[in-house]
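Peer 1: Here you go, this is target-v5.tsv (TSV, C-alpha atoms).
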```tsv
chain	number	residue	atom	x	y	z
A	1	MET	CA	100.45	103.77	87.69
A	2	ASN	CA	101.65	105.14	90.99
A	3	ALA	CA	104.41	103.52	93.03
A	4	LEU	CA	103.89	103.12	96.77
A	5	GLY	CA	107.63	103.18	97.37
A	6	LYS	CA	110.84	104.45	95.82
A	7	HIS	CA	113.77	102.08	96.20
A	8	LEU	CA	117.20	103.47	95.33
A	9	LEU	CA	119.92	100.86	94.80
A	10	ILE	CA	123.28	102.56	95.26
A	11	GLU	CA	126.55	101.05	94.11
A	12	LEU	CA	129.67	102.64	95.63
A	13	GLU	CA	132.92	101.46	94.01
A	14	GLY	CA	136.49	102.53	94.71
A	15	CYS	CA	135.88	103.75	98.26
A	16	ASP	CA	138.50	104.12	101.00
A	17	PRO	CA	138.67	100.67	102.66
A	18	GLY	CA	139.39	102.33	106.02
A	19	LYS	CA	136.03	104.12	105.94
A	20	LEU	CA	134.23	100.95	104.84
A	21	ASN	CA	135.67	99.02	107.79
A	22	ASP	CA	134.93	101.72	110.40
A	23	LEU	CA	131.70	100.68	112.14
A	24	GLU	CA	131.14	104.07	113.75
A	25	PHE	CA	131.76	105.96	110.51
A	26	VAL	CA	129.40	103.69	108.55
A	27	ARG	CA	126.75	103.89	111.28
A	28	GLU	CA	126.91	107.68	111.63
A	29	THR	CA	126.85	108.12	107.86
A	30	LEU	CA	123.80	105.91	107.29
A	31	MET	CA	121.93	107.53	110.20
A	32	ALA	CA	122.76	110.99	108.81
A	33	ALA	CA	121.62	109.89	105.33
A	34	ALA	CA	118.28	108.87	106.88
A	35	ARG	CA	117.99	112.33	108.46
A	36	GLU	CA	118.89	113.94	105.10
A	37	THR	CA	115.85	112.30	103.49
A	38	GLY	CA	113.63	113.85	106.17
A	39	SER	CA	112.66	110.42	107.55
A	40	THR	CA	111.64	109.44	111.06
A	41	ILE	CA	114.15	106.94	112.48
A	42	LEU	CA	112.56	104.03	114.37
A	43	GLY	CA	115.36	101.50	114.86
A	44	GLU	CA	118.81	100.38	113.78
A	45	SER	CA	121.03	97.32	113.70
A	46	PHE	CA	124.75	97.45	112.82
A	47	HIS	CA	127.45	94.77	112.88
A	48	ARG	CA	131.17	94.57	112.12
A	49	PHE	CA	132.52	91.36	110.67
A	50	SER	CA	135.80	89.55	111.15
A	51	PRO	CA	138.20	89.97	109.43
A	52	GLN	CA	136.47	92.93	107.78
A	53	GLY	CA	133.21	94.48	106.60
A	54	VAL	CA	130.23	96.25	108.12
A	55	SER	CA	126.48	95.71	107.70
A	56	GLY	CA	123.80	98.01	108.94
A	57	VAL	CA	120.13	98.82	108.60
A	58	VAL	CA	118.11	101.82	109.73
A	59	VAL	CA	114.35	101.26	109.93
A	60	ILE	CA	112.44	104.46	109.28
A	61	ALA	CA	108.72	105.19	109.44
A	62	GLU	CA	108.95	105.51	105.64
A	63	SER	CA	110.69	102.08	105.06
A	64	HIS	CA	114.48	101.57	105.46
A	65	LEU	CA	118.08	102.35	104.60
A	66	SER	CA	120.78	99.66	104.49
A	67	ILE	CA	124.47	99.29	103.78
A	68	HIS	CA	126.86	96.38	103.36
A	69	THR	CA	130.57	97.00	102.87
A	70	TRP	CA	133.39	94.90	101.37
A	71	PRO	CA	136.58	96.78	102.32
A	72	GLU	CA	138.66	94.15	100.50
A	73	HIS	CA	136.94	95.23	97.27
A	74	SER	CA	136.69	98.96	98.19
A	75	TYR	CA	132.95	98.46	97.58
A	76	ALA	CA	129.68	99.12	99.38
A	77	ALA	CA	126.05	98.37	98.45
A	78	ALA	CA	123.57	100.83	99.94
A	79	ASP	CA	119.78	101.07	99.68
A	80	VAL	CA	117.45	103.95	100.38
A	81	PHE	CA	113.83	102.78	100.31
A	82	THR	CA	111.15	105.32	101.16
A	83	CYS	CA	107.42	105.78	100.75
A	84	GLY	CA	105.28	108.87	100.83
A	85	THR	CA	105.78	112.28	99.32
A	86	ARG	CA	107.22	114.05	102.37
A	87	VAL	CA	110.66	112.47	102.14
A	88	GLU	CA	113.44	112.90	99.60
A	89	PRO	CA	115.33	109.61	99.08
A	90	ARG	CA	117.71	111.15	96.51
A	91	ARG	CA	119.08	113.45	99.20
A	92	GLY	CA	120.02	110.39	101.23
A	93	ALA	CA	121.71	108.76	98.23
A	94	ASP	CA	123.59	111.97	97.43
A	95	TYR	CA	124.77	112.22	101.02
A	96	LEU	CA	126.13	108.66	100.96
A	97	VAL	CA	128.06	109.40	97.76
A	98	GLN	CA	129.46	112.61	99.27
A	99	GLN	CA	130.63	110.84	102.42
A	100	PHE	CA	132.08	107.65	100.92
A	101	GLN	CA	133.67	109.49	97.97
A	102	PRO	CA	133.58	106.49	95.60
A	103	ARG	CA	135.65	106.53	92.42
A	104	GLU	CA	132.49	105.35	90.65
A	105	SER	CA	128.90	105.23	91.79
A	106	SER	CA	125.45	104.54	90.40
A	107	VAL	CA	121.96	105.10	91.75
A	108	THR	CA	119.16	102.99	90.23
A	109	GLU	CA	115.58	103.82	91.14
A	110	TYR	CA	113.31	100.81	91.38
A	111	PRO	CA	109.61	101.58	91.91
A	112	ARG	CA	107.94	99.28	94.47
A	113	GLY	CA	104.22	98.59	94.65
A	114	LEU	CA	102.92	99.81	91.32
A	115	ILE	CA	99.21	100.34	91.84
A	116	PRO	CA	96.67	101.70	89.38
A	117	SER	CA	96.25	105.46	89.55
A	118	PRO	CA	92.90	106.62	90.94
A	119	PRO	CA	90.50	107.55	88.13
A	120	ALA	CA	90.76	111.16	87.02
A	121	VAL	CA	88.01	113.30	88.50
A	122	GLN	CA	86.37	116.06	86.44
A	123	GLU	CA	86.41	119.44	88.14
A	124	ASP	CA	82.60	119.62	88.33
A	125	GLN	CA	82.46	116.12	89.82
A	126	ALA	CA	85.09	117.01	92.39
A	127	VAL	CA	82.91	119.53	94.22
A	128	GLY	CA	82.01	118.24	97.62
A	129	ILE	CA	84.27	115.18	97.46
A	130	PRO	CA	86.32	115.02	100.64
A	131	ARG	CA	90.09	114.83	100.01
B	1	MET	CA	132.10	89.57	86.12
B	2	ASN	CA	131.15	88.12	89.47
B	3	ALA	CA	128.57	89.70	91.79
B	4	LEU	CA	129.43	90.02	95.46
B	5	GLY	CA	125.76	89.96	96.41
B	6	LYS	CA	122.42	88.72	95.12
B	7	HIS	CA	119.55	91.07	95.83
B	8	LEU	CA	116.05	89.70	95.23
B	9	LEU	CA	113.29	92.33	95.00
B	10	ILE	CA	109.99	90.60	95.72
B	11	GLU	CA	106.61	92.14	94.90
B	12	LEU	CA	103.65	90.51	96.67
B	13	GLU	CA	100.27	91.72	95.35
B	14	GLY	CA	96.78	90.64	96.36
B	15	CYS	CA	97.70	89.34	99.81
B	16	ASP	CA	95.34	88.91	102.78
B	17	PRO	CA	95.33	92.32	104.52
B	18	GLY	CA	94.92	90.60	107.88
B	19	LYS	CA	98.25	88.80	107.48
B	20	LEU	CA	99.94	91.99	106.28
B	21	ASN	CA	98.79	93.85	109.40
B	22	ASP	CA	99.77	91.13	111.86
B	23	LEU	CA	103.14	92.11	113.33
B	24	GLU	CA	103.84	88.68	114.80
B	25	PHE	CA	102.92	86.86	111.59
B	26	VAL	CA	105.09	89.18	109.49
B	27	ARG	CA	107.99	88.92	111.96
B	28	GLU	CA	107.85	85.13	112.24
B	29	THR	CA	107.56	84.77	108.47
B	30	LEU	CA	110.56	86.99	107.68
B	31	MET	CA	112.68	85.30	110.37
B	32	ALA	CA	111.71	81.88	108.98
B	33	ALA	CA	112.54	83.06	105.45
B	34	ALA	CA	116.01	84.04	106.70
B	35	ARG	CA	116.44	80.55	108.17
B	36	GLU	CA	115.23	79.01	104.87
B	37	THR	CA	118.12	80.69	103.04
B	38	GLY	CA	120.57	79.10	105.46
B	39	SER	CA	121.65	82.49	106.82
B	40	THR	CA	122.98	83.39	110.26
B	41	ILE	CA	120.62	85.86	111.95
B	42	LEU	CA	122.38	88.73	113.75
B	43	GLY	CA	119.65	91.25	114.56
B	44	GLU	CA	116.11	92.39	113.81
B	45	SER	CA	113.89	95.45	114.00
B	46	PHE	CA	110.11	95.33	113.46
B	47	HIS	CA	107.44	98.01	113.80
B	48	ARG	CA	103.68	98.23	113.39
B	49	PHE	CA	102.20	101.47	112.14
B	50	SER	CA	98.97	103.25	112.95
B	51	PRO	CA	96.43	102.87	111.46
B	52	GLN	CA	98.02	99.95	109.60
B	53	GLY	CA	101.15	98.43	108.08
B	54	VAL	CA	104.24	96.63	109.30
B	55	SER	CA	107.93	97.18	108.55
B	56	GLY	CA	110.72	94.87	109.50
B	57	VAL	CA	114.33	94.05	108.81
B	58	VAL	CA	116.45	91.03	109.70
B	59	VAL	CA	120.20	91.60	109.57
B	60	ILE	CA	122.04	88.41	108.68
B	61	ALA	CA	125.75	87.67	108.48
B	62	GLU	CA	125.19	87.43	104.71
B	63	SER	CA	123.42	90.88	104.37
B	64	HIS	CA	119.67	91.38	105.13
B	65	LEU	CA	116.01	90.62	104.55
B	66	SER	CA	113.31	93.31	104.76
B	67	ILE	CA	109.57	93.68	104.39
B	68	HIS	CA	107.16	96.61	104.24
B	69	THR	CA	103.42	95.99	104.08
B	70	TRP	CA	100.49	98.10	102.90
B	71	PRO	CA	97.38	96.21	104.08
B	72	GLU	CA	95.15	98.90	102.52
B	73	HIS	CA	96.56	97.88	99.12
B	74	SER	CA	96.90	94.14	99.92
B	75	TYR	CA	100.57	94.64	99.00
B	76	ALA	CA	103.99	93.95	100.47
B	77	ALA	CA	107.52	94.72	99.25
B	78	ALA	CA	110.12	92.23	100.44
B	79	ASP	CA	113.87	92.01	99.85
B	80	VAL	CA	116.25	89.10	100.28
B	81	PHE	CA	119.85	90.29	99.91
B	82	THR	CA	122.60	87.72	100.46
B	83	CYS	CA	126.28	87.28	99.70
B	84	GLY	CA	128.41	84.20	99.51
B	85	THR	CA	127.77	80.82	97.99
B	86	ARG	CA	126.61	78.98	101.12
B	87	VAL	CA	123.15	80.55	101.22
B	88	GLU	CA	120.16	80.20	98.93
B	89	PRO	CA	118.24	83.48	98.66
B	90	ARG	CA	115.64	81.99	96.28
B	91	ARG	CA	114.52	79.64	99.02
B	92	GLY	CA	113.76	82.65	101.20
B	93	ALA	CA	111.82	84.33	98.40
B	94	ASP	CA	109.86	81.14	97.69
B	95	TYR	CA	109.02	80.82	101.38
B	96	LEU	CA	107.65	84.38	101.52
B	97	VAL	CA	105.44	83.71	98.48
B	98	GLN	CA	104.17	80.47	100.04
B	99	GLN	CA	103.30	82.16	103.31
B	100	PHE	CA	101.73	85.37	102.03
B	101	GLN	CA	99.88	83.60	99.19
B	102	PRO	CA	99.75	86.66	96.89
B	103	ARG	CA	97.41	86.69	93.91
B	104	GLU	CA	100.40	87.92	91.89
B	105	SER	CA	104.08	88.00	92.69
B	106	SER	CA	107.38	88.73	91.03
B	107	VAL	CA	110.98	88.16	92.05
B	108	THR	CA	113.62	90.29	90.35
B	109	GLU	CA	117.28	89.46	90.90
B	110	TYR	CA	119.57	92.46	91.00
B	111	PRO	CA	123.29	91.67	91.19
B	112	ARG	CA	125.19	93.89	93.63
B	113	GLY	CA	128.92	94.60	93.48
B	114	LEU	CA	129.93	93.43	90.03
B	115	ILE	CA	133.65	92.91	90.21
B	116	PRO	CA	135.99	91.58	87.51
B	117	SER	CA	136.40	87.80	87.57
B	118	PRO	CA	139.83	86.55	88.58
B	119	PRO	CA	141.93	85.60	85.53
B	120	ALA	CA	141.38	82.05	84.33
B	121	VAL	CA	144.14	79.70	85.38
B	122	GLN	CA	145.39	77.00	83.00
B	123	GLU	CA	145.30	73.54	84.46
B	124	ASP	CA	149.07	73.11	84.26
B	125	GLN	CA	149.57	76.46	85.97
B	126	ALA	CA	147.12	75.55	88.72
B	127	VAL	CA	149.27	72.75	90.14
B	128	GLY	CA	150.48	73.70	93.55
B	129	ILE	CA	148.37	76.86	93.81
B	130	PRO	CA	146.57	76.84	97.13
B	131	ARG	CA	142.78	77.13	96.81
```
The structure given in the file should be rewritten as structure tokens.

Peer 2:
Amino acid sequence: MNALGKHLLIELEGCDPGKLNDLEFVRETLMAAARETGSTILGESFHRFSPQGVSGVVVIAESHLSIHTWPEHSYAAADVFTCGTRVEPRRGADYLVQQFQPRESSVTEYPRGLIPSPPAVQEDQAVGIPR
Amino acid sequence: MNALGKHLLIELEGCDPGKLNDLEFVRETLMAAARETGSTILGESFHRFSPQGVSGVVVIAESHLSIHTWPEHSYAAADVFTCGTRVEPRRGADYLVQQFQPRESSVTEYPRGLIPSPPAVQEDQAVGIPR
């Protein structure tokens, strides 16, 4: 089975609440994480909540990145969801961990769109088949 | 442990490719799914790809919903991520399944932000404690 998409679910615990409540820091960090994966950025939507917390999404040609922060719990939930073989979602996840400096973090990869692999082609059959 | 957020990962297989490639249908359906959960919509970003496929995200006060479609595989990956007790993410997931009418679907709940439960309070201790 091949997966059409790779979805990384990133838990960031024990972060600096000041960073988690700083809309511009969160926005710049998620946008930079998208660039780290090698993605093409298409759109974004970020919001700061009262009394605290930030949510944001970056839509990329290869799917999306998102983040939601709970400064009162020093916690953020981030997602890096990409498709295709040209991008490197782990680099985006690593960048988020570097920037938010959580006391504890986890990255769980969840494959999306498991489709049957194409049938194996014998070398002699492959001649002349357009790729 | 309590989870700050509920993240539903929704796999929609065997959908009508025409629906999956229809930007307005996909947009209206995801926005309606957000309303079904009882969420407050804050922003959105949708894109149609060439030659096919649609991506979209709705940012809500309670986190986000997203969808990415692969009409060539009759497949879509959708997410409904909410926090708080006032919203009902399952209703959003059910609505997406109703509208896309997949041949097969799955909804996996992934808890986000597992934090320790507050200590249990004895009834006699609870008197006078503001809630």

Peer 1: For the atom pair CA of Pro89 in chain B and CA of Val57 in chain B, what is the interatomic distance in Å to one decimal place?

Peer 2: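 That distance, rounded to one decimal, is 15.2 Å.
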
Peer 1: Using all atoms listed in the file, which residues sit within 8 Å of Thr108 in chain A once same-chain residues fewer than 3 positions away are excluded, as a PDB file with C-alpha atoms, in the coordinates of the input?

Peer 2:
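Okay, this is what ended up in around-v6.pdb:
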```pdb
ATOM      1  CA  LEU A   8     117.200 103.470  95.330  1.00  0.00           C
ATOM      2  CA  LEU A   9     119.920 100.860  94.800  1.00  0.00           C
ATOM      3  CA  ILE A  10     123.280 102.560  95.260  1.00  0.00           C
TER       4      ILE A  10
END
```

Peer 1: With distances taken over only C-alpha atoms, which residue among A:Gly38, A:Pro17, A:Pro71, A:Gly43 lies nearest chain B?

Peer 2: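 Closest to chain B, using only C-alpha atoms: A:Gly43.
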
Peer 1: Could you make a table, as a Markdown table, of the residues of chain A that have an atom within 10 Å of an atom of chain B, each with its nearest atom pair and distance in Å to one decimal, counting all atoms listed in the file, in chain and number order?

Peer 2:
```
| residue | atom | partner | partner_atom | distance |
| --- | --- | --- | --- | --- |
| A:Leu4 | CA | B:Trp70 | CA | 8.6 |
| A:Gly5 | CA | B:Ala77 | CA | 8.7 |
| A:His7 | CA | B:Leu9 | CA | 9.8 |
| A:Leu9 | CA | B:Arg112 | CA | 8.8 |
| A:Ile10 | CA | B:Arg112 | CA | 9.0 |
| A:Glu11 | CA | B:Gly113 | CA | 6.9 |
| A:Leu12 | CA | B:Gly113 | CA | 8.4 |
| A:Glu13 | CA | B:Gly113 | CA | 8.0 |
| A:Leu42 | CA | B:His47 | CA | 7.9 |
| A:Gly43 | CA | B:Ser45 | CA | 6.3 |
| A:Glu44 | CA | B:Ser45 | CA | 7.0 |
| A:Ser45 | CA | B:Gly43 | CA | 6.3 |
| A:Phe46 | CA | B:Val59 | CA | 8.1 |
| A:His47 | CA | B:Leu42 | CA | 7.9 |
| A:Arg48 | CA | B:Ala61 | CA | 9.5 |
| A:Phe49 | CA | B:Ala61 | CA | 8.0 |
| A:Val54 | CA | B:Ser63 | CA | 9.4 |
| A:Ser55 | CA | B:Ser63 | CA | 6.6 |
| A:Gly56 | CA | B:Val59 | CA | 7.4 |
| A:Val57 | CA | B:Val59 | CA | 7.3 |
| A:Val58 | CA | B:Val57 | CA | 8.7 |
| A:Val59 | CA | B:Ser45 | CA | 7.1 |
| A:Ile60 | CA | B:Ser55 | CA | 8.6 |
| A:Ala61 | CA | B:Phe49 | CA | 8.0 |
| A:Glu62 | CA | B:Ser55 | CA | 8.9 |
| A:Ser63 | CA | B:His68 | CA | 6.6 |
| A:His64 | CA | B:Val57 | CA | 8.2 |
| A:Ser66 | CA | B:His64 | CA | 8.4 |
| A:Ile67 | CA | B:Ser63 | CA | 8.5 |
| A:His68 | CA | B:Ser63 | CA | 6.6 |
| A:Thr69 | CA | B:Ser63 | CA | 9.5 |
| A:Trp70 | CA | B:Leu4 | CA | 8.6 |
| A:His73 | CA | B:Ile115 | CA | 8.1 |
| A:Tyr75 | CA | B:Gly113 | CA | 6.9 |
| A:Ala76 | CA | B:Gly113 | CA | 7.5 |
| A:Ala77 | CA | B:Arg112 | CA | 6.6 |
| A:Ala78 | CA | B:Arg112 | CA | 9.5 |
| A:Phe81 | CA | B:His68 | CA | 9.9 |
| A:Cys83 | CA | B:His68 | CA | 9.8 |
| A:Tyr110 | CA | B:Leu9 | CA | 9.2 |
| A:Arg112 | CA | B:Ala77 | CA | 6.6 |
| A:Gly113 | CA | B:Ala77 | CA | 6.9 |
| A:Leu114 | CA | B:Glu11 | CA | 9.2 |
| A:Ile115 | CA | B:His73 | CA | 8.1 |
```

Peer 1: Can you report as lines of an AutoDock Vina configuration file the centre and edge lengths in Å, to one decimal, of an axis-aligned box around the listed atoms of range 18-36 of chain A padded with 5 Å on each side?

Peer 2:
```
center_x = 128.7
center_y = 106.5
center_z = 109.3
size_x = 31.4
size_y = 24.9
size_z = 18.9
```

Peer 1: To one decimal in Å, tell me the separation between CA of Ser39 in chain B and CA of Gln101 in chain B.

Peer 2: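 According to the coordinates, CA of Ser39 in chain B and CA of Gln101 in chain B are separated by 23.1 Å.
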
Peer 1: If I take CA of Asp16 in chain A and CA of Ala3 in chain B, how far is one from the other in Å, to one decimal?

Peer 2: 19.8 Å

Peer 1: Find, counting all atoms listed in the file, the residue in B:Asp94, B:Ser117, B:Val80, B:Gly53 that gets nearest to Asp22 in chain B.

Peer 2: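 Nearest candidate to Asp22 in chain B out of B:Asp94, B:Ser117, B:Val80, B:Gly53: B:Gly53.
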
Peer 1: If you count all atoms listed in the file, which residues fall within 8 Å of Leu96 in chain A, apart from same-chain ones fewer than 4 positions away, as a VMD selection string?

Peer 2: chain A and resid 29 to 30 33 92 100

Peer 1: Deliver the residues from the most recent selection as a file, using C-alpha atoms, as an mmCIF file, in the frame of the given file.

Peer 2:
```
data_model
loop_
_atom_site.group_PDB
_atom_site.id
_atom_site.type_symbol
_atom_site.label_atom_id
_atom_site.label_comp_id
_atom_site.auth_asym_id
_atom_site.auth_seq_id
_atom_site.Cartn_x
_atom_site.Cartn_y
_atom_site.Cartn_z
ATOM 1 C CA THR A 29 126.850 108.120 107.860
ATOM 2 C CA LEU A 30 123.800 105.910 107.290
ATOM 3 C CA ALA A 33 121.620 109.890 105.330
ATOM 4 C CA GLY A 92 120.020 110.390 101.230
ATOM 5 C CA PHE A 100 132.080 107.650 100.920
#
```
